[in-house]
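K.L.:
The structure under discussion is supplied below as structure tokens; questions concerning it will follow.
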Protein chains: 2
Amino acid sequence: MNKHFYTVIMAGGIGSRFWPLSRQKAPKQFLDVLNSGRTLFQLTYQRFQAICPEENIFIVANKDYGALIREQIPTLKEEQILLEPLSRNTAPCIAYASHKIAAKDPDACIIVAPSDHLILSESAFIISAEKSLQFASRNDVLITLGIRPNRPDTGYGYIQFIEDLKDNDFCKVKTFTEKPDLAIAKQFVESGEFLWNAGIFIWNAKTILKAFETHLPEIASCFNFSDNLYYTDSEESQISKAYLECTSISIDYGIMEKASNVWVLPCNFGWSDIGTWNSLFELLHKDENNNAIKGKYIFTRNAKNCIINVSDDKLLAVNNVENLIIVESDNIILVADKNQEQDIRNVVNEIKSKYREKFI
Amino acid sequence: MNKHFYTVIMAGGIGSRFWPLSRQKAPKQFLDVLNSGRTLFQLTYQRFQAICPEENIFIVANKDYGALIREQIPTLKEEQILLEPLSRNTAPCIAYASHKIAAKDPDACIIVAPSDHLILSESAFIISAEKSLQFASRNDVLITLGIRPNRPDTGYGYIQFIEDLKDNDFCKVKTFTEKPDLAIAKQFVESGEFLWNAGIFIWNAKTILKAFETHLPEIASCFNFSDNLYYTDSEESQISKAYLECTSISIDYGIMEKASNVWVLPCNFGWSDIGTWNSLFELLHKDENNNAIKGKYIFTRNAKNCIINVSDDKLLAVNNVENLIIVESDNIILVADKNQEQDIRNVVNEIKSKYREKFI
């Protein structure tokens with residue numbers, strides 16, 4: 001295993017999409033939404049143990065999740081957990097981690113990944129990740145993993161690649177398009193030139209730090225301390241200052257869409273960002289009436305195509321309903337049309353505006 | 001106010017029809033299902049305070065509900081609360097109350113009523129009740145109040161009366177029919193000869209005791225103690241013995257359908273037995289989307305024609321659903337099609353058979 005290979009797991013998302021199952025105090029990545037016995041964060045961590053030395057795996061998350069991270073992966077050392085005093089999107093998060101890793105190992109080659117995605121074929125993923133780390137270790141490139149789309153999903157970002165500009169399966173990236181409408185998504189998929197943006201990036205430390213200097217110099221200066229304060233007692237206070245000063249921007253918008261050395265590796269490892277109840281429903285085990293059910297005391301009669309998730313201390317009786325999301329968590333109950341799940345956000349926002357953090 | 005007028009309120013029903021709102025430990029009559037600030041039992045008691053002296057109102061209920069009764073009407077004296085050691089349907093309940101009242105006042109004239117019905121026009125009801133008590137005090141008759149039907153409801157019992165055999169608005173009863181099917185119910189309503197059986201009975205003590213001797217001699221003997229033990233310390237043990245011995249039968253089946261001196265008073269006082277979620281829904285205040293909502297933290301979006309009732313310590317978010325019953329009580333949640341409410345009973349029975357009393 002290459003000792004210069006590093007992983008950065010971004011575990012900061014608040015994610016109200018699975019509310020009330022996911023809450024601000026326990027977002028999706030820290031839940032066992034797949035009923036697999038492990039949380040998405042634990043599954044992600046486990047996946048990268050096969051790719052880089054365990055001590056080279058770094059977690060970045062809001063400080064509120066420090067306790068959850070330590071609880072779910074007790075073997076992590078404190079220096080592997082990078083706690084953000086504020087949530088500032090992915091660019092500052094990656095800048096922080098990149099500087100910290102570079103301070104330890106200037107020849108580091110880094111794979112950055114979200115903590116809450118599903119990857120069904122771990123072996124295919126490991127092959128793609130290692131191939132990308134190898135390519136990035138030898139080249140001044142910013143790599144993103146692209147998923148071959150099997151449907152015109154309007155919830156994903158799309159990457160257009162240039163087939164002719166190819167190097168060892170890696171293709172030069174032409175454009176990024178965030179969540180297109182259905183007609184455009186269909187064209188994208190039919191053209192064969194587009195891939196889904198999985199939000200998994202690979203580069204060497206020097207290349208990403210240079211990209212920050214070029215495209216986000218303000219953020220670069222926040223984390224590029226004149227004295228090397230990483231791994232010292234001063235790190236926490238300097239990082240607090242950096243987060244207060246730096247702007248909130250995504251790595252996609254801040255660097256990937258602007259840089260000229262961006263490459264994509266077309267992949268096929270059974271990926272889902274599990275971003276919606278419906279995508280979760282697809283992944284879960286269903287009963288003979290196509291209901292995905294989790295809970296200790298659940299009684300259904302004439303229920304079809306429902307996703308049900310209720311605490312073990314509650315009893316739920318369901319009669320003659322279809323296509324419902326019925327979720328109870330921590331005394332909050334959601335009953336919603338599974339086919340109109342995008343509207344749930346509006347209810348959650350209304351609750352948020354009325355009660356602030358109380359139920360969120 | 002005639003001091004020989006008495007009321008017997010039957011408050012024993014267990015009623016799983018409003019489960020999980022109504023539970024074995026707190027059935028419908030002891031709940032404020034109408035959101036009026038008073039329980040159905042309290043509303044019923046209040047109604048009879050205008051008809052007979054307060055000390056002449058007797059409550060009969062299973063011993064499990066003694067505490068609830070005392071709590072809801074604190075002014076009741078212990079001798080007014082008749083606790084049944086076992087539930088044995090309405091005939092033993094009425095036999096017990098009739099003997100006890102007759103032991104105190106042989107000239108008593110008694111109105112017997114359920115504790116969980118709604119009467120919208122109290123003044124019309126009082127007129128009908130007083131008229132019946134007057135008629136019963138002078139005649140050897142068994143009177144039942146009949147409601148003029150406004151729809152072919154298949155959930156009610158029907159009383160056929162003989163228009164020609166009339167005495168002061170009271171008509172002789174020809175037949176009783178329990179819950180007919182829809183075609184028959186339609187014929188009943190169209191004929192004009194049928195009334196709904198409200199389960200409210202009026203008779204004098206001598207007449208009802210004689211009817212028990214004639215039609216249910218076994219039950220009569222159980223409660224007709226040789227020594228007059230009512231209002232003594234021996235009452236409780238003798239009643240326990242009586243309930244163990246007597247059969248379980250309704251007053252309708254045991255006496256009303258067999259006796260020849262049964263009369264009905266056609267009434268019109270806005271009556272409902274609130275026997276179904278849909279009948280309750282009709283009575284409740286609805287929001288602009290025709291939802292009947294009770295709960296402290298309820299958020300609905302695109303919800304229509306729903307009946308929602310959730311404890312004040314729970315939050316419920318509802319999105320894009322129609323015609324649902326969503327009820328939470330004591331950590332039990334019911335989500336059911338309002339148009340198929342008769343099937344809820346099957347779910348409840350399944351839960352009962354699996355967990356006995358735990359959730360019932």
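A note on labels: chains of the structure tokens are A, B, ... as shown, every chain counts residues from 1, and ligands are counted from 1 in their shown order.
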Pick out each residue of stretch 70-218 of chain A that DSSP on the backbone tags as strand (DSSP E); I need them as a ChimeraX atom specification.

P.N.:
/A:81-84,109-114,118-119,142-147,158-167,170-177,194-204

K.L.:
With N, CA and C atoms retained, write the just-selected residues as a compact mmCIF listing (two decimals), in the first residue's frame.

P.N.:
```txt
# COMPACT_ATOMS: atom_id res chain seq x y z
N ILE A 81 -8.94 13.70 12.81
CA ILE A 81 -10.27 14.31 12.80
C ILE A 81 -10.12 15.82 12.71
N LEU A 82 -10.51 16.38 11.58
CA LEU A 82 -10.40 17.82 11.35
C LEU A 82 -11.78 18.44 11.59
N LEU A 83 -11.88 19.19 12.66
CA LEU A 83 -13.20 19.75 13.00
C LEU A 83 -13.32 21.19 12.54
N GLU A 84 -14.37 21.46 11.81
CA GLU A 84 -14.61 22.81 11.30
C GLU A 84 -15.46 23.58 12.30
N CYS A 109 -0.66 12.09 -2.16
CA CYS A 109 -1.64 12.02 -3.24
C CYS A 109 -2.98 11.70 -2.57
N ILE A 110 -3.99 12.52 -2.86
CA ILE A 110 -5.18 12.53 -2.00
C ILE A 110 -6.45 12.16 -2.77
N ILE A 111 -7.27 11.31 -2.19
CA ILE A 111 -8.62 11.10 -2.72
C ILE A 111 -9.61 11.70 -1.72
N VAL A 112 -10.51 12.53 -2.24
CA VAL A 112 -11.49 13.22 -1.40
C VAL A 112 -12.86 12.65 -1.72
N ALA A 113 -13.63 12.28 -0.68
CA ALA A 113 -14.94 11.66 -0.96
C ALA A 113 -15.96 12.05 0.09
N PRO A 114 -17.21 12.11 -0.32
CA PRO A 114 -18.28 12.33 0.67
C PRO A 114 -18.45 11.09 1.53
N LEU A 118 -23.45 5.66 -1.46
CA LEU A 118 -23.40 4.20 -1.51
C LEU A 118 -22.57 3.75 -2.71
N ILE A 119 -21.72 2.77 -2.47
CA ILE A 119 -20.98 2.15 -3.57
C ILE A 119 -21.19 0.65 -3.46
N LEU A 142 -6.30 17.39 -11.95
CA LEU A 142 -7.40 17.34 -10.98
C LEU A 142 -8.38 16.31 -11.54
N ILE A 143 -8.55 15.21 -10.83
CA ILE A 143 -9.38 14.11 -11.36
C ILE A 143 -10.70 14.05 -10.59
N THR A 144 -11.77 13.80 -11.33
CA THR A 144 -13.06 13.53 -10.69
C THR A 144 -13.56 12.20 -11.23
N LEU A 145 -14.25 11.44 -10.39
CA LEU A 145 -14.79 10.17 -10.87
C LEU A 145 -16.17 10.43 -11.48
N GLY A 146 -16.36 9.93 -12.69
CA GLY A 146 -17.64 10.11 -13.38
C GLY A 146 -18.36 8.79 -13.49
N ILE A 147 -19.67 8.81 -13.24
CA ILE A 147 -20.46 7.57 -13.27
C ILE A 147 -21.24 7.52 -14.58
N TYR A 158 -23.80 16.81 -14.03
CA TYR A 158 -23.28 16.06 -15.18
C TYR A 158 -21.94 16.62 -15.61
N ILE A 159 -21.06 15.73 -16.07
CA ILE A 159 -19.73 16.10 -16.57
C ILE A 159 -19.65 15.70 -18.05
N GLN A 160 -19.36 16.68 -18.90
CA GLN A 160 -19.14 16.34 -20.32
C GLN A 160 -17.65 16.11 -20.53
N PHE A 161 -17.31 15.02 -21.18
CA PHE A 161 -15.88 14.73 -21.40
C PHE A 161 -15.56 14.70 -22.89
N ILE A 162 -14.27 14.81 -23.18
CA ILE A 162 -13.82 14.81 -24.58
C ILE A 162 -13.13 13.47 -24.84
N GLU A 163 -13.82 12.64 -25.61
CA GLU A 163 -13.36 11.27 -25.85
C GLU A 163 -11.96 11.25 -26.46
N ASP A 164 -11.71 12.22 -27.35
CA ASP A 164 -10.43 12.21 -28.09
C ASP A 164 -9.23 12.52 -27.21
N LEU A 165 -9.49 13.33 -26.16
CA LEU A 165 -8.37 13.69 -25.28
C LEU A 165 -8.31 12.70 -24.13
N LYS A 166 -7.67 11.60 -24.39
CA LYS A 166 -7.70 10.49 -23.46
C LYS A 166 -6.27 10.10 -23.07
N ASP A 167 -6.12 9.72 -21.81
CA ASP A 167 -4.82 9.25 -21.35
C ASP A 167 -5.08 8.15 -20.33
N PHE A 170 -8.44 8.04 -18.71
CA PHE A 170 -8.85 9.35 -18.19
C PHE A 170 -9.16 10.28 -19.36
N CYS A 171 -10.27 11.00 -19.28
CA CYS A 171 -10.68 11.90 -20.36
C CYS A 171 -10.64 13.34 -19.86
N LYS A 172 -10.27 14.24 -20.75
CA LYS A 172 -10.32 15.66 -20.38
C LYS A 172 -11.78 16.06 -20.20
N VAL A 173 -12.03 16.94 -19.23
CA VAL A 173 -13.39 17.41 -18.97
C VAL A 173 -13.67 18.66 -19.79
N LYS A 174 -14.86 18.69 -20.42
CA LYS A 174 -15.24 19.85 -21.22
C LYS A 174 -16.12 20.82 -20.41
N THR A 175 -17.19 20.29 -19.82
CA THR A 175 -18.11 21.16 -19.05
C THR A 175 -18.66 20.43 -17.83
N PHE A 176 -19.10 21.23 -16.86
CA PHE A 176 -19.89 20.73 -15.73
C PHE A 176 -21.29 21.32 -15.84
N THR A 177 -22.32 20.54 -15.60
CA THR A 177 -23.69 21.07 -15.58
C THR A 177 -24.38 20.58 -14.32
N PHE A 194 -21.73 12.30 -21.53
CA PHE A 194 -21.88 12.85 -20.17
C PHE A 194 -21.81 11.76 -19.10
N LEU A 195 -21.29 12.16 -17.98
CA LEU A 195 -21.20 11.27 -16.83
C LEU A 195 -21.78 12.00 -15.61
N TRP A 196 -22.25 11.22 -14.64
CA TRP A 196 -22.68 11.85 -13.39
C TRP A 196 -21.45 12.23 -12.57
N ASN A 197 -21.54 13.37 -11.93
CA ASN A 197 -20.46 13.83 -11.06
C ASN A 197 -20.65 13.22 -9.66
N ALA A 198 -19.77 12.30 -9.31
CA ALA A 198 -19.92 11.59 -8.03
C ALA A 198 -19.36 12.39 -6.86
N GLY A 199 -18.69 13.49 -7.16
CA GLY A 199 -18.13 14.32 -6.06
C GLY A 199 -16.95 13.66 -5.38
N ILE A 200 -16.28 12.76 -6.09
CA ILE A 200 -15.08 12.10 -5.55
C ILE A 200 -13.89 12.60 -6.37
N PHE A 201 -12.91 13.22 -5.70
CA PHE A 201 -11.81 13.88 -6.40
C PHE A 201 -10.47 13.26 -6.02
N ILE A 202 -9.55 13.29 -7.00
CA ILE A 202 -8.21 12.75 -6.75
C ILE A 202 -7.19 13.72 -7.33
N TRP A 203 -6.15 13.99 -6.57
CA TRP A 203 -5.07 14.89 -7.00
C TRP A 203 -3.89 14.73 -6.05
N ASN A 204 -2.73 15.26 -6.49
CA ASN A 204 -1.64 15.27 -5.51
C ASN A 204 -1.69 16.60 -4.76
```

K.L.:
Applying 6 Å and only C-alpha atoms, which residues near stretch 54-64 of chain B remain after dropping the ones on its own chain fewer than 4 positions away? List them as JSON, numbers by chain.

P.N.:
{"B": [6, 7, 8, 9, 10, 11, 12, 49, 80, 81, 82, 83, 84, 85]}

K.L.:
Those residues with C-alpha atoms, as a compact mmCIF listing (two decimals), in the first residue's frame please?

P.N.:
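As written to disk, part.txt reads:
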```
# COMPACT_ATOMS: atom_id res chain seq x y z
CA TYR B 6 -83.70 8.90 37.52
CA THR B 7 -80.95 8.57 34.97
CA VAL B 8 -78.70 5.59 34.33
CA ILE B 9 -75.64 6.42 32.24
CA MET B 10 -73.99 3.35 30.81
CA ALA B 11 -70.27 4.12 30.62
CA GLY B 12 -68.81 0.68 30.22
CA GLN B 49 -78.67 17.42 35.11
CA GLN B 80 -74.11 6.83 42.39
CA ILE B 81 -71.27 4.89 40.79
CA LEU B 82 -72.19 1.28 40.05
CA LEU B 83 -69.05 -0.66 39.20
CA GLU B 84 -69.33 -3.90 37.31
CA PRO B 85 -66.73 -6.54 38.17
```

K.L.:
Residues of chain B within 12 Å of chain A, counting only C-alpha atoms - could you list those as number ranges by chain?

P.N.:
B: 19-20, 297-303, 306, 308, 310-352, 354-355, 358-360

K.L.:
I need the residues of stretch 159-329 of chain A that end up classed as helix (DSSP H, G or I) by DSSP on the backbone, written out as number ranges by chain.

P.N.:
A: 182-191, 205-215, 217-223, 235-245, 251-256, 277-283

K.L.:
Within 7 Å of stretch 249-258 of chain A, counting only C-alpha atoms, which residues qualify if same-chain residues fewer than 6 places away don't, as a list in words?

P.N.:
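My list of contacting residues is Arg88, Asn89, Thr90, Ala91, Phe176, Ala211, His215 and Leu216 of chain A.
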
K.L.:
Deliver the residues from the most recent selection as a file, using N, CA and C atoms, as a tab-separated table (two decimals), in the first residue's frame.

P.N.:
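After the write, again.tsv holds the following:
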```
chain	number	residue	atom	x	y	z
A	88	ARG	N	-18.64	25.66	5.82
A	88	ARG	CA	-18.29	26.62	4.78
A	88	ARG	C	-18.18	25.96	3.41
A	89	ASN	N	-19.04	24.94	3.19
A	89	ASN	CA	-19.04	24.23	1.91
A	89	ASN	C	-17.71	23.49	1.67
A	90	THR	N	-17.54	22.91	0.48
A	90	THR	CA	-16.43	21.96	0.30
A	90	THR	C	-15.05	22.58	0.05
A	91	ALA	N	-14.98	23.77	-0.54
A	91	ALA	CA	-13.65	24.33	-0.86
A	91	ALA	C	-12.81	24.58	0.40
A	176	PHE	N	-19.10	21.23	-16.86
A	176	PHE	CA	-19.89	20.73	-15.73
A	176	PHE	C	-21.29	21.32	-15.84
A	211	ALA	N	-3.84	24.90	-7.35
A	211	ALA	CA	-5.16	25.27	-7.88
A	211	ALA	C	-5.86	26.26	-6.95
A	215	HIS	N	-7.13	29.79	-8.30
A	215	HIS	CA	-8.56	30.04	-8.47
A	215	HIS	C	-9.25	30.58	-7.22
A	216	LEU	N	-8.72	30.23	-6.06
A	216	LEU	CA	-9.32	30.70	-4.80
A	216	LEU	C	-8.21	31.21	-3.88
```

K.L.:
Pick the closest to B:Cys52 from B:Gly66, B:Leu34, B:Met1, B:Glu78: which is it, counting only C-alpha atoms?

P.N.:
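So, comparing all the options, the nearest one is B:Met1.
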
K.L.:
Atom CA of A:Gln46 and atom CA of A:Phe281 are how many Å apart?

P.N.:
23.4 Å
